[in-house]
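Scroll down for the structure; my scribbles are underneath it.
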Amino acid sequence: MRRVFLGIDLSNDLKNRLEILKARYNLSNLPIKLVEPENSHIAIKFLDNLTEEQVSVVSKLIKEQINEIEPFEVVVSNSLIFLNIQKPKVLSLKIISSELNKFGTQLITLLDELDFITNDHREYIPHLTLGRIKATLNDYEKDKIASIQFNGNMIINAFHLFESLLTSTGPKYNIIEEYKL
C-alpha cells in the first residue's frame, strides 16, 4: 500500500520565496509545524492508502483528463486559514486560478467516482499549505498569520501523483508520476 495524493509540485523559485516569507513573518517562532521546502506543493486531493493496482487505475484516469488541459498560470496570494481564524488548524496561501478551480474540481469529481476513493464532499479550495497549527494561538498570533501578504505566480505545466512516506522526522513526499500538460 502507498499513501498517495494528487497535487502540483512548485518551482524552486517559488519554494525559495516561500522560505523567505516564513522567515520574514517569523513563523518558526509560532506553534506551527512548517512544511519543509522540498515538500511544498499545491494540494488537489488526498487519495489515502492505495494498492499498486489502484495507483494504476488512478494514474490512467488522470492521464485521460490531463490530455485536454493546456499549461496555465496561478497566482499565489495572501494567507488562507483553515478552519477559520477563530479555530486555526492550517496556515495556507490562497491560489487564484479559474483554470485550477475548474480542473481540480473536475479531477476530484472523477476520482471520487472510484469505489476505493473516499469522497469527503468538500468544495475544492486551491491552496498551498505553509504549516499545521499545533497549539492554541493568542490574538496577536492570529492577527499575525491573518495579515500575511504574498504575491507570486507560477505556470502550471504538470500535475503530480505523490507518495507520502511518514517518518519520525515528518512526512517525505516523492513523485510517483508526473502528468505533463
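Chain labels run A, B, ... following the order of the C-alpha cells; each chain numbers its residues from 1, and ligands are numbered from 1 in the order shown.
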
Write out, as a tab-separated table, each residue of range 87-128 of chain A that has an atom at most 12 Å from range 6-10 of chain A, together with the closest pair of atoms and their distance in Å to one decimal, counting only C-alpha atoms, rows going by chain and rising number.
```
residue	atom	partner	partner_atom	distance
A:Ile95	CA	A:Ile8	CA	11.7
A:Leu100	CA	A:Ile8	CA	10.4
A:Phe103	CA	A:Gly7	CA	11.7
A:Gly104	CA	A:Gly7	CA	9.2
A:Leu107	CA	A:Leu6	CA	9.4
A:Ile108	CA	A:Leu6	CA	9.3
A:Leu111	CA	A:Leu6	CA	10.1
A:Pro126	CA	A:Gly7	CA	10.0
A:His127	CA	A:Gly7	CA	10.4
A:Leu128	CA	A:Leu10	CA	9.6
```

Can those selected residues be exported to a file as an mmCIF file, in the first residue's frame so that it contains C-alpha atoms?
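Full text of out.cif as output:
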```cif
data_model
loop_
_atom_site.group_PDB
_atom_site.id
_atom_site.type_symbol
_atom_site.label_atom_id
_atom_site.label_comp_id
_atom_site.auth_asym_id
_atom_site.auth_seq_id
_atom_site.Cartn_x
_atom_site.Cartn_y
_atom_site.Cartn_z
ATOM 1 C CA ILE A 95 -4.156 30.040 -5.009
ATOM 2 C CA LEU A 100 -7.147 25.227 -11.386
ATOM 3 C CA PHE A 103 -9.637 21.243 -13.476
ATOM 4 C CA GLY A 104 -9.097 20.481 -9.786
ATOM 5 C CA LEU A 107 -10.375 15.664 -11.333
ATOM 6 C CA ILE A 108 -11.717 15.351 -7.776
ATOM 7 C CA LEU A 111 -11.592 10.375 -8.639
ATOM 8 C CA PRO A 126 -6.883 25.627 -4.120
ATOM 9 C CA HIS A 127 -4.230 26.392 -1.539
ATOM 10 C CA LEU A 128 -0.589 26.000 -0.674
#
```

- Item | range 22-32 of chain A environment, 8 Å, only C-alpha atoms, sequence neighbours closer than 2 positions dropped, as an NGL selection string | :A and (18-20 or 34 or 131-137 or 141 or 144 or 148)

- By how many Å are CA of Ala146 in chain A and CA of Ser98 in chain A apart? 23.5 Å

- Query: What's the 9 Å shell around Asp48 in chain A, counting only C-alpha atoms, without same-chain residues fewer than 4 positions away, as a PyMOL selection string?
  - Reply: chain A and resi 2-5+117-118

Expected file: the selected residues, N, CA and C atoms, as an mmCIF file, in the first residue's frame:
```
data_model
loop_
_atom_site.group_PDB
_atom_site.id
_atom_site.type_symbol
_atom_site.label_atom_id
_atom_site.label_comp_id
_atom_site.auth_asym_id
_atom_site.auth_seq_id
_atom_site.Cartn_x
_atom_site.Cartn_y
_atom_site.Cartn_z
ATOM 1 N N ARG A 2 0.405 2.227 -0.730
ATOM 2 C CA ARG A 2 1.106 3.509 -0.793
ATOM 3 C C ARG A 2 0.147 4.619 -0.379
ATOM 4 N N ARG A 3 0.628 5.530 0.451
ATOM 5 C CA ARG A 3 -0.147 6.694 0.876
ATOM 6 C C ARG A 3 0.023 7.743 -0.219
ATOM 7 N N VAL A 4 -1.074 8.074 -0.924
ATOM 8 C CA VAL A 4 -0.974 8.806 -2.191
ATOM 9 C C VAL A 4 -1.854 10.056 -2.177
ATOM 10 N N PHE A 5 -1.361 11.103 -2.853
ATOM 11 C CA PHE A 5 -2.201 12.283 -3.087
ATOM 12 C C PHE A 5 -1.855 12.905 -4.431
ATOM 13 N N ILE A 117 -11.902 5.300 -3.501
ATOM 14 C CA ILE A 117 -11.532 6.656 -3.081
ATOM 15 C C ILE A 117 -12.644 7.219 -2.205
ATOM 16 N N THR A 118 -12.253 7.769 -1.052
ATOM 17 C CA THR A 118 -13.225 8.366 -0.139
ATOM 18 C C THR A 118 -13.622 9.745 -0.650
#
```
